[in-house]
>>> print(open('entry16.txt').read())   # compact mmCIF, C-alpha atoms
# COMPACT_ATOMS: atom_id res chain seq x y z
CA ILE A 101 0.00 0.00 0.00
CA ASP A 102 1.50 3.39 -1.00
CA ASP A 103 1.79 6.25 1.50
CA VAL A 104 -1.16 8.22 0.09
CA ASN A 105 -3.56 5.26 0.29
CA LEU A 106 -2.23 4.30 3.72
CA ASP A 107 -2.80 7.83 5.05
CA LYS A 108 -6.31 7.86 3.56
CA ARG A 109 -7.16 4.51 5.16
CA GLN A 110 -5.88 5.71 8.53
CA ASP A 111 -7.96 8.88 8.22
CA ASP A 112 -11.03 6.79 7.34
CA GLU A 113 -10.44 4.52 10.34
CA GLN A 114 -10.06 7.51 12.66
CA HIS A 115 -13.22 9.11 11.26
CA SER A 116 -15.11 5.83 11.67
CA LYS A 117 -13.91 5.51 15.27
CA LYS A 118 -14.97 9.08 16.04
CA SER A 119 -18.34 8.45 14.41
CA ASP A 120 -18.86 5.31 16.52
CA GLU A 121 -17.90 7.22 19.67
CA THR A 122 -20.32 10.02 18.78
CA LYS A 123 -23.14 7.55 18.21
CA GLN A 124 -22.39 5.89 21.54
CA ASP A 125 -22.45 9.28 23.26
CA GLU A 126 -25.84 9.94 21.66
CA THR A 127 -27.16 6.59 22.87
CA ASP A 128 -25.83 7.27 26.37
CA ARG A 129 -27.61 10.63 26.40
CA LYS A 130 -30.87 8.92 25.39
CA LYS A 131 -30.40 6.37 28.16
CA SER A 132 -29.85 9.02 30.83
CA VAL A 133 -33.38 10.47 30.43
CA VAL A 134 -33.67 11.94 33.94
CA CYS A 135 -33.39 8.57 35.66
CA THR A 136 -32.19 10.29 38.82
CA TYR A 137 -35.32 9.78 40.93
CA SER A 138 -34.83 8.57 44.47
CA SER A 139 -36.33 5.25 45.51
CA LYS A 140 -38.83 7.17 47.63
CA TYR A 141 -39.96 9.32 44.70
CA ARG A 142 -40.16 6.31 42.38
CA SER A 143 -42.33 4.56 44.97
CA GLN A 144 -44.61 7.58 45.02
CA MET A 145 -44.88 7.42 41.25
CA PHE A 146 -46.15 3.84 41.44
CA ARG A 147 -48.99 5.05 43.61
CA ARG A 148 -50.26 7.40 40.91
CA SER A 149 -53.80 7.06 39.66
CA PRO A 150 -54.29 6.43 35.93
CA ALA A 151 -55.28 10.08 35.41
CA GLU A 152 -52.15 11.33 37.19
CA ALA A 153 -49.90 8.93 35.28
CA LEU A 154 -51.44 9.85 31.92
CA LYS A 155 -50.93 13.54 32.59
CA ARG A 156 -47.37 13.10 33.86
CA ASP A 157 -46.12 10.93 31.00
CA ALA A 158 -48.20 12.03 28.02
CA GLY A 159 -45.15 11.63 25.77
CA ASN A 160 -44.98 7.93 26.55
CA VAL A 161 -48.72 7.62 25.98
CA LYS A 162 -48.21 8.98 22.45
CA LEU A 163 -45.45 6.43 21.83
CA ILE A 164 -47.53 3.54 23.19
CA ARG A 165 -50.46 4.48 20.97
CA TYR A 166 -48.18 4.78 17.95
CA TYR A 167 -46.59 1.37 18.38
CA ALA A 168 -49.92 -0.23 19.30
CA GLN A 169 -51.27 0.93 15.94
CA LYS A 170 -48.11 -0.18 14.19
CA TYR A 171 -48.21 -3.73 15.62
CA GLY A 172 -51.97 -4.21 15.68
CA VAL A 173 -52.38 -4.19 19.47
CA PRO A 174 -55.57 -2.75 21.00
CA GLU A 175 -54.50 0.65 22.32
CA GLY A 176 -56.44 0.31 25.55
CA LEU A 177 -54.71 -2.99 26.27
CA ALA A 178 -51.25 -1.57 25.51
CA LEU A 179 -51.90 1.35 27.86
CA SER A 180 -53.27 -1.00 30.54
CA VAL A 181 -50.14 -3.15 30.39
CA ALA A 182 -47.84 -0.12 30.51
CA TYR A 183 -49.75 1.30 33.47
CA GLN A 184 -49.66 -2.01 35.31
CA GLU A 185 -45.96 -2.43 34.57
CA SER A 186 -44.58 1.05 35.25
CA ARG A 187 -47.27 3.74 35.53
CA PHE A 188 -45.76 4.89 32.20
CA ASP A 189 -42.52 5.76 34.04
CA THR A 190 -39.44 5.65 31.81
CA CYS A 191 -37.18 4.97 34.78
CA ALA A 192 -39.18 2.21 36.46
CA GLY A 193 -37.31 -0.92 37.51
CA SER A 194 -37.95 -4.22 39.25
CA HIS A 195 -36.22 -6.74 41.50
CA THR A 196 -36.42 -9.16 38.55
CA GLY A 197 -34.17 -6.95 36.42
CA VAL A 198 -36.77 -5.68 33.94
CA LYS A 199 -36.86 -1.94 33.32
CA GLY A 200 -38.50 0.96 31.52
CA VAL A 201 -42.04 1.83 30.49
CA MET A 202 -42.83 -1.71 29.32
CA GLN A 203 -40.55 -3.43 31.87
CA LEU A 204 -38.62 -5.18 29.13
CA THR A 205 -35.89 -7.72 29.80
CA LYS A 206 -32.50 -7.13 28.23
CA GLY A 207 -32.71 -10.44 26.37
CA THR A 208 -36.14 -9.78 24.90
CA GLY A 209 -35.10 -6.35 23.69
CA LYS A 210 -31.88 -7.68 22.20
CA SER A 211 -33.72 -10.51 20.43
CA MET A 212 -35.70 -7.86 18.55
CA GLY A 213 -32.64 -5.75 17.77
CA LEU A 214 -33.67 -3.10 20.30
CA ASP A 215 -31.93 -1.44 23.24
CA ARG A 216 -34.34 -1.46 26.18
CA GLY A 217 -32.30 1.32 27.79
CA VAL A 218 -33.45 3.77 25.09
CA ASN A 219 -36.99 4.85 25.98
CA GLU A 220 -38.61 4.68 22.54
CA GLN A 221 -37.02 1.29 21.88
CA ASN A 222 -38.24 0.02 25.25
CA VAL A 223 -41.79 1.04 24.33
CA GLU A 224 -41.56 -0.44 20.85
CA GLY A 225 -40.11 -3.72 22.09
CA GLY A 226 -42.72 -4.10 24.82
CA VAL A 227 -45.67 -3.33 22.57
CA LYS A 228 -44.31 -5.57 19.81
CA TYR A 229 -43.89 -8.44 22.27
CA LEU A 230 -47.39 -7.79 23.62
CA GLY A 231 -48.64 -8.08 20.05
CA MET A 232 -47.07 -11.53 19.79
CA SER A 233 -48.81 -12.48 23.04
CA VAL A 234 -52.17 -11.24 21.74
CA LYS A 235 -51.81 -13.44 18.68
CA GLN A 236 -51.42 -16.44 20.98
CA CYS A 237 -53.99 -15.53 23.64
CA GLY A 238 -56.40 -12.95 22.26
CA ALA A 239 -56.75 -9.49 23.76
CA THR A 240 -58.92 -10.32 26.78
CA ASN A 241 -57.50 -13.59 28.12
CA TYR A 242 -55.43 -11.81 30.73
CA SER A 243 -54.18 -14.96 32.46
CA CYS A 244 -52.82 -16.25 29.17
CA LEU A 245 -51.28 -12.88 28.37
CA ALA A 246 -49.66 -12.84 31.81
CA SER A 247 -48.01 -16.21 31.14
CA PHE A 248 -46.37 -14.72 28.03
CA TYR A 249 -45.66 -11.14 29.08
CA ASN A 250 -44.99 -11.51 32.80
CA GLY A 251 -42.19 -13.97 33.47
CA SER A 252 -42.60 -13.99 37.25
CA ASN A 253 -44.17 -16.64 39.49
CA ALA A 254 -47.82 -17.71 39.40
CA ALA A 255 -48.87 -15.32 42.16
CA GLU A 256 -47.37 -12.29 40.41
CA GLN A 257 -48.84 -13.39 37.07
CA SER A 258 -52.26 -13.58 38.71
CA GLN A 259 -51.79 -10.09 40.18
CA TRP A 260 -50.66 -8.80 36.76
CA ALA A 261 -53.68 -10.32 35.00
CA GLY A 262 -56.05 -8.84 37.58
CA GLY A 263 -54.51 -5.39 37.25
CA VAL A 264 -54.48 -5.32 33.44
CA GLY A 265 -58.05 -6.63 33.32
CA ARG A 266 -59.20 -4.09 35.89
CA TRP A 267 -57.79 -1.11 34.00
CA ASN A 268 -58.48 -2.20 30.43
CA SER A 269 -62.01 -0.79 30.26
CA TYR A 270 -60.77 2.51 31.70
CA PHE A 271 -58.09 2.88 29.03
CA ASN A 272 -60.41 1.68 26.25
CA GLU A 273 -62.81 4.45 27.21
CA TYR A 274 -59.93 6.93 27.49
CA VAL A 275 -58.79 6.19 23.92
CA SER A 276 -62.32 6.24 22.44
CA SER A 277 -63.22 9.47 24.25
CA GLY A 278 -60.77 11.49 22.15
CA LYS A 279 -59.05 12.77 25.29
CA ALA A 280 -55.87 10.77 24.71
CA PRO A 281 -52.92 12.59 23.12
CA ALA A 282 -52.54 11.65 19.47
CA ALA A 283 -50.28 8.75 18.55
CA ALA A 284 -46.85 10.07 17.57
CA PRO A 285 -43.63 8.39 16.39
CA PRO A 286 -40.39 9.05 18.26
CA PRO A 287 -38.55 12.20 17.15
CA PHE A 288 -35.58 11.80 14.83
CA SER A 289 -32.22 11.87 16.61
CA ILE A 290 -29.47 11.26 14.08
CA VAL A 291 -25.82 12.31 14.38
CA THR A 292 -24.70 13.95 11.16
CA ALA A 293 -21.23 14.08 9.61
CA ASP A 294 -18.91 17.09 9.73
CA GLY A 295 -18.12 19.57 6.96
CA ALA A 296 -20.03 20.12 3.74
CA GLY A 297 -21.39 16.57 3.79
CA GLY A 298 -22.75 17.10 7.28
CA ARG A 299 -24.46 20.35 6.28
CA ALA A 300 -26.02 18.66 3.26
CA GLN A 301 -27.20 15.74 5.38
CA GLY A 302 -28.53 18.11 8.01
CA GLY A 303 -30.53 19.98 5.38
CA ALA A 304 -31.92 16.74 4.02
CA MET A 305 -32.91 15.58 7.50
CA GLY A 306 -34.64 18.91 8.06
CA ALA A 307 -36.74 18.25 4.97
CA VAL A 308 -37.60 14.78 6.26
CA ARG A 309 -38.65 16.18 9.65
CA MET A 310 -40.89 18.74 7.98
CA ALA A 311 -42.47 16.11 5.75
CA ALA A 312 -42.91 13.67 8.65
CA GLY A 313 -44.46 16.38 10.79
CA GLY A 314 -47.21 16.91 8.23
CA LEU A 315 -48.17 13.25 7.92
CA ASP A 316 -51.59 12.08 9.02
CA ALA A 317 -51.17 10.24 12.33
CA SER A 318 -54.48 8.35 12.12
CA SER A 319 -54.32 4.59 12.57
CA SER A 320 -55.18 3.98 8.91
CA GLN A 321 -52.14 5.97 7.88
CA ILE A 322 -49.53 4.64 10.32
CA SER A 323 -48.22 1.97 7.92
CA ALA A 324 -48.27 4.31 4.93
CA ASN A 325 -46.47 7.00 6.92
CA GLY A 326 -43.70 4.56 7.78
CA SER A 327 -43.20 3.74 4.10
CA THR A 328 -43.15 7.43 3.21
CA ILE A 329 -40.52 8.23 5.84
CA ASP A 330 -38.41 5.23 4.79
CA ALA A 331 -38.51 6.46 1.18
CA LEU A 332 -37.48 9.96 2.23
CA LEU A 333 -34.60 8.63 4.31
CA GLY A 334 -33.48 6.38 1.49
CA ALA A 335 -32.88 9.40 -0.69
CA ILE A 336 -30.41 10.96 1.77
>>> encode(input="entry16.txt", output="structure tokens")
Amino acid sequence: IDDVNLDKRQDDEQHSKKSDETKQDETDRKKSVVCTYSSKYRSQMFRRSPAEALKRDAGNVKLIRYYAQKYGVPEGLALSVAYQESRFDTCAGSHTGVKGVMQLTKGTGKSMGLDRGVNEQNVEGGVKYLGMSVKQCGATNYSCLASFYNGSNAAEQSQWAGGVGRWNSYFNEYVSSGKAPAAAPPPFSIVTADGAGGRAQGGAMGAVRMAAGGLDASSSQISANGSTIDALLGAI
């Protein structure tokens, strides 16, 4: 390899390493979403009523509705499960090691190519897995759903099934009432390159954000919107 090509390859390797480090920094920032609550405060959060939880974490409600529509899960059920699991709290944890809004295990998230430590991926993974459970059990067989979604012992599965069943009608009514915040996909968060290429990519991403912001968020359009965004991103 001549000196010019060797220097170019070294520059490319350094740029790639910096890019990987930047992406990791971005992921770390996403993971650190204000998870600084004390145990006492987190305990107080678990005592919230549905109305209090919905108001406090409306952003997560939007994400849950979005992914429920995407994966064909009844929205009221998805919200009931999230409320039972975490009160919609991004930073919720458990003695069993599950964490996040949907109380996802690391292995389950990883099996779907998702990082449960990133809030939107935690929500997507949980709702997607719930969709798989619904296909096996139906949407109202809560004991069966508990056996798939809740990996704890029989007593905790029974408690889970009772809680989800108890709140399902409440959240069904909440969604049908029109009071729920509209389903919304996670915001774009992409690290761009430096220099002229970075400015060009940034401009292109701005165009994608504007186009995505104007898309119809109704359930009938969720799939079509995803295809539209993918096509826009493919052109960058």
>>> atom_distance(input="entry16.txt", atom1="atom CA of Val234 of chain A", atom2="atom CA of Ala151 of chain A")
25.5 Å
>>> atom_distance(input="entry16.txt", atom1="atom CA of Val264 of chain A", atom2="atom CA of Cys237 of chain A")
14.2 Å
>>> closest_residue(input="entry16.txt", among="A:Asp157, A:Ser252, A:Tyr171, A:Gly176", to="Val275 of chain A", atoms="all atoms listed in the file")
A:Gly176
>>> closest_residue(input="entry16.txt", among="A:Asn272, A:Asn160, A:Ser186, A:Ser243", to="Glu256 of chain A", atoms="only C-alpha atoms")
A:Ser243
>>> atom_distance(input="entry16.txt", atom1="atom CA of Pro174 of chain A", atom2="atom CA of Leu214 of chain A")
21.9 Å
>>> closest_residue(input="entry16.txt", among="A:Arg165, A:Lys235, A:Arg156, A:Arg216", to="Ala282 of chain A", atoms="only C-alpha atoms")
A:Arg165
>>> residues_around(input="entry16.txt", residues="Pro285 of chain A", least_positions_apart="6", cutoff="8 Å", atoms="all atoms listed in the file", output="list in words")
Lys162, Leu163, Tyr166 and Tyr167 of chain A
>>> closest_residue(input="entry16.txt", among="A:Val223, A:Ala192, A:Ala255, A:Val181", to="Arg142 of chain A", atoms="only C-alpha atoms")
A:Ala192
>>> closest_residue(input="entry16.txt", among="A:Tyr229, A:Trp260, A:Tyr270, A:Tyr242", to="Glu185 of chain A", atoms="all atoms listed in the file")
A:Trp260
>>> build_atoms(input="entry16.txt", residues="segment 226-237 of chain A", atoms="all heavy atoms", output="PDB file, keeping the file's coordinate frame")
ATOM      1  N   GLY A 226     -41.665  -3.590  23.956  1.00  0.00           N
ATOM      2  CA  GLY A 226     -42.720  -4.100  24.820  1.00  0.00           C
ATOM      3  C   GLY A 226     -44.041  -4.260  24.089  1.00  0.00           C
ATOM      4  O   GLY A 226     -44.734  -5.270  24.235  1.00  0.00           O
ATOM      5  N   VAL A 227     -44.404  -3.261  23.297  1.00  0.00           N
ATOM      6  CA  VAL A 227     -45.670  -3.330  22.570  1.00  0.00           C
ATOM      7  C   VAL A 227     -45.614  -4.411  21.492  1.00  0.00           C
ATOM      8  O   VAL A 227     -46.594  -5.141  21.269  1.00  0.00           O
ATOM      9  CB  VAL A 227     -46.025  -1.957  21.957  1.00  0.00           C
ATOM     10  CG1 VAL A 227     -47.288  -2.064  21.099  1.00  0.00           C
ATOM     11  CG2 VAL A 227     -46.226  -0.921  23.053  1.00  0.00           C
ATOM     12  N   LYS A 228     -44.469  -4.525  20.836  1.00  0.00           N
ATOM     13  CA  LYS A 228     -44.310  -5.570  19.810  1.00  0.00           C
ATOM     14  C   LYS A 228     -44.445  -6.954  20.440  1.00  0.00           C
ATOM     15  O   LYS A 228     -45.116  -7.843  19.891  1.00  0.00           O
ATOM     16  CB  LYS A 228     -42.951  -5.423  19.127  1.00  0.00           C
ATOM     17  CG  LYS A 228     -42.752  -6.405  17.970  1.00  0.00           C
ATOM     18  CD  LYS A 228     -41.413  -6.147  17.277  1.00  0.00           C
ATOM     19  CE  LYS A 228     -41.225  -7.093  16.088  1.00  0.00           C
ATOM     20  NZ  LYS A 228     -39.936  -6.823  15.381  1.00  0.00           N
ATOM     21  N   TYR A 229     -43.813  -7.152  21.587  1.00  0.00           N
ATOM     22  CA  TYR A 229     -43.890  -8.440  22.270  1.00  0.00           C
ATOM     23  C   TYR A 229     -45.315  -8.701  22.758  1.00  0.00           C
ATOM     24  O   TYR A 229     -45.804  -9.836  22.706  1.00  0.00           O
ATOM     25  CB  TYR A 229     -42.915  -8.479  23.436  1.00  0.00           C
ATOM     26  CG  TYR A 229     -42.776  -9.852  24.045  1.00  0.00           C
ATOM     27  CD1 TYR A 229     -42.077 -10.858  23.378  1.00  0.00           C
ATOM     28  CD2 TYR A 229     -43.349 -10.154  25.277  1.00  0.00           C
ATOM     29  CE1 TYR A 229     -41.955 -12.128  23.924  1.00  0.00           C
ATOM     30  CE2 TYR A 229     -43.231 -11.417  25.829  1.00  0.00           C
ATOM     31  CZ  TYR A 229     -42.533 -12.402  25.139  1.00  0.00           C
ATOM     32  OH  TYR A 229     -42.433 -13.663  25.682  1.00  0.00           O
ATOM     33  N   LEU A 230     -45.992  -7.650  23.216  1.00  0.00           N
ATOM     34  CA  LEU A 230     -47.390  -7.790  23.620  1.00  0.00           C
ATOM     35  C   LEU A 230     -48.242  -8.228  22.437  1.00  0.00           C
ATOM     36  O   LEU A 230     -49.144  -9.054  22.578  1.00  0.00           O
ATOM     37  CB  LEU A 230     -47.907  -6.462  24.192  1.00  0.00           C
ATOM     38  CG  LEU A 230     -49.374  -6.435  24.629  1.00  0.00           C
ATOM     39  CD1 LEU A 230     -49.621  -7.451  25.740  1.00  0.00           C
ATOM     40  CD2 LEU A 230     -49.755  -5.030  25.100  1.00  0.00           C
ATOM     41  N   GLY A 231     -47.919  -7.681  21.259  1.00  0.00           N
ATOM     42  CA  GLY A 231     -48.640  -8.080  20.050  1.00  0.00           C
ATOM     43  C   GLY A 231     -48.490  -9.567  19.763  1.00  0.00           C
ATOM     44  O   GLY A 231     -49.444 -10.241  19.346  1.00  0.00           O
ATOM     45  N   MET A 232     -47.293 -10.089  19.976  1.00  0.00           N
ATOM     46  CA  MET A 232     -47.070 -11.530  19.790  1.00  0.00           C
ATOM     47  C   MET A 232     -47.914 -12.330  20.783  1.00  0.00           C
ATOM     48  O   MET A 232     -48.476 -13.380  20.446  1.00  0.00           O
ATOM     49  CB  MET A 232     -45.586 -11.860  20.004  1.00  0.00           C
ATOM     50  CG  MET A 232     -44.634 -11.193  19.030  1.00  0.00           C
ATOM     51  SD  MET A 232     -42.898 -11.546  19.483  1.00  0.00           S
ATOM     52  CE  MET A 232     -42.024 -10.477  18.327  1.00  0.00           C
ATOM     53  N   SER A 233     -48.024 -11.811  22.008  1.00  0.00           N
ATOM     54  CA  SER A 233     -48.810 -12.480  23.040  1.00  0.00           C
ATOM     55  C   SER A 233     -50.293 -12.480  22.684  1.00  0.00           C
ATOM     56  O   SER A 233     -50.995 -13.473  22.891  1.00  0.00           O
ATOM     57  CB  SER A 233     -48.597 -11.788  24.396  1.00  0.00           C
ATOM     58  OG  SER A 233     -47.227 -11.708  24.723  1.00  0.00           O
ATOM     59  N   VAL A 234     -50.758 -11.349  22.136  1.00  0.00           N
ATOM     60  CA  VAL A 234     -52.170 -11.240  21.740  1.00  0.00           C
ATOM     61  C   VAL A 234     -52.507 -12.249  20.655  1.00  0.00           C
ATOM     62  O   VAL A 234     -53.600 -12.839  20.641  1.00  0.00           O
ATOM     63  CB  VAL A 234     -52.494  -9.804  21.287  1.00  0.00           C
ATOM     64  CG1 VAL A 234     -53.868  -9.731  20.611  1.00  0.00           C
ATOM     65  CG2 VAL A 234     -52.433  -8.840  22.470  1.00  0.00           C
ATOM     66  N   LYS A 235     -51.576 -12.465  19.746  1.00  0.00           N
ATOM     67  CA  LYS A 235     -51.810 -13.440  18.680  1.00  0.00           C
ATOM     68  C   LYS A 235     -51.981 -14.845  19.241  1.00  0.00           C
ATOM     69  O   LYS A 235     -52.708 -15.669  18.676  1.00  0.00           O
ATOM     70  CB  LYS A 235     -50.655 -13.410  17.676  1.00  0.00           C
ATOM     71  CG  LYS A 235     -50.637 -12.168  16.798  1.00  0.00           C
ATOM     72  CD  LYS A 235     -49.461 -12.176  15.827  1.00  0.00           C
ATOM     73  CE  LYS A 235     -49.461 -10.920  14.974  1.00  0.00           C
ATOM     74  NZ  LYS A 235     -48.299 -10.885  14.041  1.00  0.00           N
ATOM     75  N   GLN A 236     -51.321 -15.120  20.351  1.00  0.00           N
ATOM     76  CA  GLN A 236     -51.420 -16.440  20.980  1.00  0.00           C
ATOM     77  C   GLN A 236     -52.648 -16.552  21.889  1.00  0.00           C
ATOM     78  O   GLN A 236     -53.259 -17.620  21.976  1.00  0.00           O
ATOM     79  CB  GLN A 236     -50.161 -16.711  21.810  1.00  0.00           C
ATOM     80  CG  GLN A 236     -48.892 -16.841  21.000  1.00  0.00           C
ATOM     81  CD  GLN A 236     -48.849 -18.100  20.163  1.00  0.00           C
ATOM     82  OE1 GLN A 236     -49.361 -19.146  20.551  1.00  0.00           O
ATOM     83  NE2 GLN A 236     -48.257 -18.002  18.986  1.00  0.00           N
ATOM     84  N   CYS A 237     -52.993 -15.459  22.564  1.00  0.00           N
ATOM     85  CA  CYS A 237     -53.990 -15.530  23.640  1.00  0.00           C
ATOM     86  C   CYS A 237     -55.294 -14.794  23.346  1.00  0.00           C
ATOM     87  O   CYS A 237     -56.300 -15.039  24.029  1.00  0.00           O
ATOM     88  CB  CYS A 237     -53.414 -14.934  24.915  1.00  0.00           C
ATOM     89  SG  CYS A 237     -51.888 -15.697  25.478  1.00  0.00           S
TER      90      CYS A 237
END
